[in-house]
Amino acid sequence: MLKRVFRKKPVQCWVVKQVDQRLLHLCTLGRPDSRLKPEPLKEVLRQKRFSGGVIMGESGLVLNARLFDALVPEEDLELTHDGLANWRGRYWMVSTVPQKCWTWEGNLVAESNLLGSQPPMVSREDVSALSLRADRAPGLGKAVFRSQDALEDPNKDIRHAIERAMQSRAEFSQRYQEANEALWKPEKSEQES
């Protein structure tokens, strides 16, 4: 019982997804999943030597620390009301990283929040390199959209196919007539010869 009463508060840290020149891409407050005591754990976090799981906010989601640039002890980073953060003796602009980007392993870009004033900036995945590679991909033609149950190939020459089908029918009809004529043609009797 006394252990529960005097137990120290678990170490919380700000989860920083990416550090840019003047901008922090900030996820949420998390808790490092560690058996270290609070002070040694905070020192490991400050030195960027922590490896293991991070419990993300109230979601209960546990992510690997390697996904993030920094895990900053809560008291080392102070958020201001105007969307700035005081960390390492300087002020940084803050961009909020939505949960869908927490596991993104590429670069993030910050954009103004179009949905409201708070948070002023929101991070998203930087896919510009992917779109450049897709634009330069050789051999990719024009995309053709058609119904899923379409039976004809959209690149097939329809006029040529119709002509071939008509010719095939005409040939079949000709053979059919010749076969019928041979069947119904009266045989010449020996007397007529």
# chains A, B, ... in the order shown; residues from 1 in each chain; ligands from 1
call {"tool": "closest_atom_pairs", "arguments": {"of": "stretch 82-163 of chain A", "to": "stretch 60-75 of chain A", "cutoff": "10 Å", "atoms": "only C-alpha atoms", "output": "Markdown table"}}
result
| residue | atom | partner | partner_atom | distance |
| --- | --- | --- | --- | --- |
| A:Trp87 | CA | A:Val72 | CA | 8.9 |
| A:Trp102 | CA | A:Leu67 | CA | 7.7 |
| A:Thr103 | CA | A:Leu67 | CA | 6.5 |
| A:Trp104 | CA | A:Leu67 | CA | 7.8 |
| A:Glu105 | CA | A:Leu67 | CA | 6.8 |
| A:Gly106 | CA | A:Leu67 | CA | 9.8 |
call {"tool": "select_by_dssp", "arguments": {"residues": "stretch 5-146 of chain A", "states": "alpha helix (DSSP H)", "output": "compact mmCIF listing (two decimals) with N, CA, C and O atoms, in the first residue's frame"}}
result
# COMPACT_ATOMS: atom_id res chain seq x y z
N VAL A 5 1.25 4.59 -2.67
CA VAL A 5 1.08 5.98 -2.24
C VAL A 5 2.31 6.82 -2.59
O VAL A 5 2.20 7.93 -3.09
N PHE A 6 3.49 6.26 -2.35
CA PHE A 6 4.72 7.03 -2.56
C PHE A 6 5.37 6.77 -3.92
O PHE A 6 6.48 7.23 -4.15
N PRO A 38 13.36 6.84 -12.85
CA PRO A 38 13.07 8.08 -13.57
C PRO A 38 14.29 8.92 -13.96
O PRO A 38 14.41 9.33 -15.11
N GLU A 39 15.19 9.21 -13.05
CA GLU A 39 16.31 10.10 -13.39
C GLU A 39 17.26 9.48 -14.42
O GLU A 39 17.63 10.14 -15.39
N PRO A 40 17.69 8.22 -14.26
CA PRO A 40 18.52 7.64 -15.32
C PRO A 40 17.79 7.54 -16.66
O PRO A 40 18.40 7.74 -17.72
N LEU A 41 16.48 7.29 -16.63
CA LEU A 41 15.71 7.21 -17.86
C LEU A 41 15.69 8.58 -18.57
O LEU A 41 15.87 8.66 -19.78
N LYS A 42 15.48 9.64 -17.81
CA LYS A 42 15.48 10.98 -18.41
C LYS A 42 16.84 11.31 -19.03
O LYS A 42 16.91 11.91 -20.10
N GLU A 43 17.89 10.89 -18.39
CA GLU A 43 19.23 11.14 -18.93
C GLU A 43 19.45 10.37 -20.23
O GLU A 43 20.02 10.88 -21.19
N VAL A 44 18.97 9.14 -20.28
CA VAL A 44 19.07 8.33 -21.51
C VAL A 44 18.27 9.00 -22.64
O VAL A 44 18.71 9.04 -23.78
N LEU A 45 17.09 9.53 -22.31
CA LEU A 45 16.27 10.23 -23.31
C LEU A 45 16.98 11.48 -23.83
O LEU A 45 16.99 11.75 -25.03
N ARG A 46 17.58 12.25 -22.93
CA ARG A 46 18.28 13.48 -23.33
C ARG A 46 19.46 13.17 -24.25
O ARG A 46 19.79 13.96 -25.13
N SER A 128 6.66 13.97 -52.45
CA SER A 128 7.13 14.61 -53.68
C SER A 128 8.15 13.75 -54.40
O SER A 128 8.16 13.68 -55.63
N ALA A 129 9.02 13.05 -53.68
CA ALA A 129 10.01 12.19 -54.32
C ALA A 129 9.33 11.03 -55.03
O ALA A 129 9.75 10.62 -56.12
N LEU A 130 8.26 10.51 -54.43
CA LEU A 130 7.53 9.41 -55.07
C LEU A 130 6.86 9.87 -56.36
O LEU A 130 6.89 9.18 -57.37
N SER A 131 6.25 11.04 -56.33
CA SER A 131 5.56 11.51 -57.53
C SER A 131 6.56 11.85 -58.63
O SER A 131 6.27 11.65 -59.81
N LEU A 132 7.75 12.33 -58.27
CA LEU A 132 8.77 12.58 -59.29
C LEU A 132 9.21 11.28 -59.94
O LEU A 132 9.38 11.21 -61.15
N ARG A 133 9.41 10.24 -59.14
CA ARG A 133 9.80 8.95 -59.70
C ARG A 133 8.70 8.38 -60.57
O ARG A 133 8.96 7.77 -61.61
N ALA A 134 7.46 8.56 -60.19
CA ALA A 134 6.34 8.05 -60.98
C ALA A 134 6.24 8.79 -62.31
O ALA A 134 5.93 8.19 -63.34
N ASP A 135 6.53 10.10 -62.31
CA ASP A 135 6.47 10.88 -63.54
C ASP A 135 7.56 10.45 -64.52
O ASP A 135 7.39 10.53 -65.72
call {"tool": "atom_distance", "arguments": {"atom1": "atom CA of A:Val122", "atom2": "atom CA of A:Leu79"}}
result
15.6 Å
call {"tool": "residues_around", "arguments": {"residues": "A:Trp92", "least_positions_apart": "5", "cutoff": "12 Å", "atoms": "only C-alpha atoms", "output": "ChimeraX atom specification"}}
result
/A:19-26,77-80,82-87
call {"tool": "write_last_selection", "arguments": {"atoms": "C-alpha atoms", "output": "PDB file, in the first residue's frame"}}
result
ATOM      1  CA  VAL A  19      13.427  18.026 -36.228  1.00  0.00           C
ATOM      2  CA  ASP A  20      13.808  20.557 -39.046  1.00  0.00           C
ATOM      3  CA  GLN A  21      15.890  23.730 -39.022  1.00  0.00           C
ATOM      4  CA  ARG A  22      13.300  25.852 -37.150  1.00  0.00           C
ATOM      5  CA  LEU A  23      10.437  23.413 -36.787  1.00  0.00           C
ATOM      6  CA  LEU A  24       9.516  20.488 -34.560  1.00  0.00           C
ATOM      7  CA  HIS A  25       7.099  17.864 -35.846  1.00  0.00           C
ATOM      8  CA  LEU A  26       5.521  16.970 -32.523  1.00  0.00           C
ATOM      9  CA  LEU A  77      10.176  21.180 -23.625  1.00  0.00           C
ATOM     10  CA  GLU A  78       7.710  23.960 -22.908  1.00  0.00           C
ATOM     11  CA  LEU A  79       4.830  24.731 -25.267  1.00  0.00           C
ATOM     12  CA  THR A  80       3.678  28.341 -25.515  1.00  0.00           C
ATOM     13  CA  ASP A  82       1.192  30.939 -29.746  1.00  0.00           C
ATOM     14  CA  GLY A  83       2.218  27.567 -31.192  1.00  0.00           C
ATOM     15  CA  LEU A  84       5.907  27.702 -30.299  1.00  0.00           C
ATOM     16  CA  ALA A  85       8.044  25.368 -28.211  1.00  0.00           C
ATOM     17  CA  ASN A  86      10.976  26.305 -25.990  1.00  0.00           C
ATOM     18  CA  TRP A  87      13.560  23.511 -26.189  1.00  0.00           C
TER      19      TRP A  87
END
call {"tool": "closest_residue", "arguments": {"among": "A:Pro119, A:Leu29, A:Gln47, A:Gly57", "to": "A:His81", "atoms": "only C-alpha atoms"}}
result
A:Pro119
call {"tool": "atom_distance", "arguments": {"atom1": "atom CA of A:Cys13", "atom2": "atom CA of A:Leu114"}}
result
28.0 Å
call {"tool": "atom_distance", "arguments": {"atom1": "atom CA of A:Asn113", "atom2": "atom CA of A:Pro98"}}
result
11.7 Å
call {"tool": "residues_around", "arguments": {"residues": "A:Met121", "least_positions_apart": "3", "cutoff": "8 Å", "atoms": "only C-alpha atoms", "output": "PyMOL selection string"}}
result
chain A and resi 94-96+110-113+118
call {"tool": "write_last_selection", "arguments": {"atoms": "N, CA and C atoms", "output": "PDB file, in the first residue's frame"}}
result
ATOM      1  N   VAL A  94       6.015  24.778 -34.082  1.00  0.00           N
ATOM      2  CA  VAL A  94       5.538  23.418 -33.843  1.00  0.00           C
ATOM      3  C   VAL A  94       4.501  23.046 -34.902  1.00  0.00           C
ATOM      4  N   SER A  95       4.670  21.861 -35.444  1.00  0.00           N
ATOM      5  CA  SER A  95       3.695  21.287 -36.355  1.00  0.00           C
ATOM      6  C   SER A  95       3.208  19.988 -35.724  1.00  0.00           C
ATOM      7  N   THR A  96       1.904  19.856 -35.604  1.00  0.00           N
ATOM      8  CA  THR A  96       1.323  18.678 -34.974  1.00  0.00           C
ATOM      9  C   THR A  96       1.291  17.521 -35.965  1.00  0.00           C
ATOM     10  N   ALA A 110       5.267  20.410 -43.249  1.00  0.00           N
ATOM     11  CA  ALA A 110       4.262  21.111 -42.446  1.00  0.00           C
ATOM     12  C   ALA A 110       3.434  22.018 -43.342  1.00  0.00           C
ATOM     13  N   GLU A 111       2.136  22.055 -43.054  1.00  0.00           N
ATOM     14  CA  GLU A 111       1.206  22.917 -43.790  1.00  0.00           C
ATOM     15  C   GLU A 111       0.351  23.670 -42.794  1.00  0.00           C
ATOM     16  N   SER A 112      -0.174  24.793 -43.222  1.00  0.00           N
ATOM     17  CA  SER A 112      -1.115  25.519 -42.373  1.00  0.00           C
ATOM     18  C   SER A 112      -2.363  24.667 -42.186  1.00  0.00           C
ATOM     19  N   ASN A 113      -2.921  24.714 -41.000  1.00  0.00           N
ATOM     20  CA  ASN A 113      -4.119  23.944 -40.700  1.00  0.00           C
ATOM     21  C   ASN A 113      -5.318  24.652 -41.307  1.00  0.00           C
ATOM     22  N   GLN A 118      -6.265  25.982 -34.234  1.00  0.00           N
ATOM     23  CA  GLN A 118      -5.450  25.140 -33.356  1.00  0.00           C
ATOM     24  C   GLN A 118      -5.439  23.716 -33.865  1.00  0.00           C
TER      25      GLN A 118
END
call {"tool": "select_by_dssp", "arguments": {"residues": "stretch 20-163 of chain A", "states": "strand (DSSP E or B)", "output": "ChimeraX atom specification"}}
result
/A:23-32,53-56,61-64,70-73,77-79,84-87,90-96,108-112,121-125
call {"tool": "write_last_selection", "arguments": {"atoms": "N, CA and C atoms", "output": "tab-separated table (two decimals), in the first residue's frame"}}
result
chain	number	residue	atom	x	y	z
A	23	LEU	N	11.75	24.01	-36.98
A	23	LEU	CA	10.44	23.41	-36.79
A	23	LEU	C	10.55	22.04	-36.14
A	24	LEU	N	9.64	21.81	-35.18
A	24	LEU	CA	9.52	20.49	-34.56
A	24	LEU	C	8.21	19.86	-35.03
A	25	HIS	N	8.30	18.64	-35.52
A	25	HIS	CA	7.10	17.86	-35.85
A	25	HIS	C	6.79	17.05	-34.60
A	26	LEU	N	5.81	17.50	-33.85
A	26	LEU	CA	5.52	16.97	-32.52
A	26	LEU	C	4.31	16.04	-32.56
A	27	CYS	N	4.48	14.82	-32.05
A	27	CYS	CA	3.39	13.83	-32.03
A	27	CYS	C	2.48	14.05	-30.82
A	28	THR	N	2.92	13.63	-29.67
A	28	THR	CA	2.10	13.68	-28.46
A	28	THR	C	2.99	13.42	-27.26
A	29	LEU	N	2.42	13.49	-26.08
A	29	LEU	CA	3.14	13.05	-24.89
A	29	LEU	C	3.08	11.54	-24.84
A	30	GLY	N	4.21	10.93	-24.58
A	30	GLY	CA	4.27	9.48	-24.49
A	30	GLY	C	4.98	9.05	-23.22
A	31	ARG	N	5.01	7.74	-23.02
A	31	ARG	CA	5.73	7.19	-21.87
A	31	ARG	C	6.68	6.11	-22.37
A	32	PRO	N	7.97	6.26	-22.11
A	32	PRO	CA	8.91	5.22	-22.50
A	32	PRO	C	8.62	3.94	-21.71
A	53	GLY	N	10.15	0.50	-26.57
A	53	GLY	CA	8.81	0.96	-26.92
A	53	GLY	C	8.45	2.28	-26.27
A	54	VAL	N	7.56	2.99	-26.93
A	54	VAL	CA	7.02	4.25	-26.40
A	54	VAL	C	5.50	4.13	-26.45
A	55	ILE	N	4.86	4.29	-25.31
A	55	ILE	CA	3.40	4.25	-25.23
A	55	ILE	C	2.90	5.64	-25.63
A	56	MET	N	2.16	5.70	-26.73
A	56	MET	CA	1.78	6.97	-27.33
A	56	MET	C	0.50	7.52	-26.72
A	61	LEU	N	-1.22	2.74	-27.79
A	61	LEU	CA	-0.41	2.26	-28.90
A	61	LEU	C	1.07	2.30	-28.50
A	62	VAL	N	1.79	1.20	-28.71
A	62	VAL	CA	3.21	1.15	-28.38
A	62	VAL	C	4.00	1.10	-29.68
A	63	LEU	N	4.87	2.10	-29.89
A	63	LEU	CA	5.69	2.17	-31.10
A	63	LEU	C	7.16	2.14	-30.72
A	64	ASN	N	7.98	1.69	-31.65
A	64	ASN	CA	9.41	1.61	-31.43
A	64	ASN	C	10.02	3.01	-31.46
A	70	ALA	N	13.46	12.32	-31.66
A	70	ALA	CA	13.80	12.62	-30.26
A	70	ALA	C	12.64	12.28	-29.34
A	71	LEU	N	13.01	11.85	-28.15
A	71	LEU	CA	12.06	11.68	-27.05
A	71	LEU	C	12.54	12.63	-25.96
A	72	VAL	N	11.78	13.68	-25.74
A	72	VAL	CA	12.22	14.77	-24.87
A	72	VAL	C	11.45	14.68	-23.55
A	73	PRO	N	12.16	14.58	-22.42
A	73	PRO	CA	11.45	14.58	-21.13
A	73	PRO	C	10.50	15.79	-21.05
A	77	LEU	N	10.80	20.49	-22.49
A	77	LEU	CA	10.18	21.18	-23.63
A	77	LEU	C	8.92	21.87	-23.12
A	78	GLU	N	8.86	23.17	-23.36
A	78	GLU	CA	7.71	23.96	-22.91
A	78	GLU	C	6.97	24.50	-24.12
A	79	LEU	N	5.67	24.21	-24.19
A	79	LEU	CA	4.83	24.73	-25.27
A	79	LEU	C	4.25	26.07	-24.86
A	84	LEU	N	4.46	27.87	-30.31
A	84	LEU	CA	5.91	27.70	-30.30
A	84	LEU	C	6.30	26.75	-29.17
A	85	ALA	N	7.52	26.24	-29.26
A	85	ALA	CA	8.04	25.37	-28.21
A	85	ALA	C	9.42	25.89	-27.80
A	86	ASN	N	9.67	25.92	-26.51
A	86	ASN	CA	10.98	26.30	-25.99
A	86	ASN	C	11.71	25.01	-25.64
A	87	TRP	N	12.79	24.74	-26.38
A	87	TRP	CA	13.56	23.51	-26.19
A	87	TRP	C	15.02	23.79	-26.52
A	90	ARG	N	16.12	27.56	-27.18
A	90	ARG	CA	15.63	28.36	-28.31
A	90	ARG	C	14.18	28.03	-28.58
A	91	TYR	N	13.54	28.89	-29.34
A	91	TYR	CA	12.13	28.70	-29.68
A	91	TYR	C	12.01	28.04	-31.05
A	92	TRP	N	11.10	27.11	-31.13
A	92	TRP	CA	10.85	26.37	-32.36
A	92	TRP	C	9.38	26.52	-32.74
A	93	MET	N	9.09	26.57	-34.04
A	93	MET	CA	7.70	26.47	-34.49
A	93	MET	C	7.30	25.01	-34.32
A	94	VAL	N	6.02	24.78	-34.08
A	94	VAL	CA	5.54	23.42	-33.84
A	94	VAL	C	4.50	23.05	-34.90
A	95	SER	N	4.67	21.86	-35.44
A	95	SER	CA	3.69	21.29	-36.36
A	95	SER	C	3.21	19.99	-35.72
A	96	THR	N	1.90	19.86	-35.60
A	96	THR	CA	1.32	18.68	-34.97
A	96	THR	C	1.29	17.52	-35.97
A	108	LEU	N	8.60	14.46	-43.36
A	108	LEU	CA	7.31	15.12	-43.18
A	108	LEU	C	7.42	16.55	-43.65
A	109	VAL	N	6.30	17.12	-44.08
A	109	VAL	CA	6.24	18.54	-44.41
A	109	VAL	C	5.11	19.15	-43.60
A	110	ALA	N	5.27	20.41	-43.25
A	110	ALA	CA	4.26	21.11	-42.45
A	110	ALA	C	3.43	22.02	-43.34
A	111	GLU	N	2.14	22.05	-43.05
A	111	GLU	CA	1.21	22.92	-43.79
A	111	GLU	C	0.35	23.67	-42.79
A	112	SER	N	-0.17	24.79	-43.22
A	112	SER	CA	-1.11	25.52	-42.37
A	112	SER	C	-2.36	24.67	-42.19
A	121	MET	N	-0.26	24.55	-37.37
A	121	MET	CA	0.39	23.80	-38.44
A	121	MET	C	0.20	22.30	-38.21
A	122	VAL	N	0.03	21.58	-39.32
A	122	VAL	CA	-0.16	20.13	-39.27
A	122	VAL	C	0.84	19.48	-40.22
A	123	SER	N	1.43	18.37	-39.80
A	123	SER	CA	2.39	17.66	-40.64
A	123	SER	C	1.69	16.62	-41.50
A	124	ARG	N	2.29	16.36	-42.65
A	124	ARG	CA	1.81	15.29	-43.52
A	124	ARG	C	3.02	14.64	-44.19
A	125	GLU	N	2.79	13.49	-44.83
A	125	GLU	CA	3.87	12.77	-45.48
A	125	GLU	C	4.37	13.55	-46.69
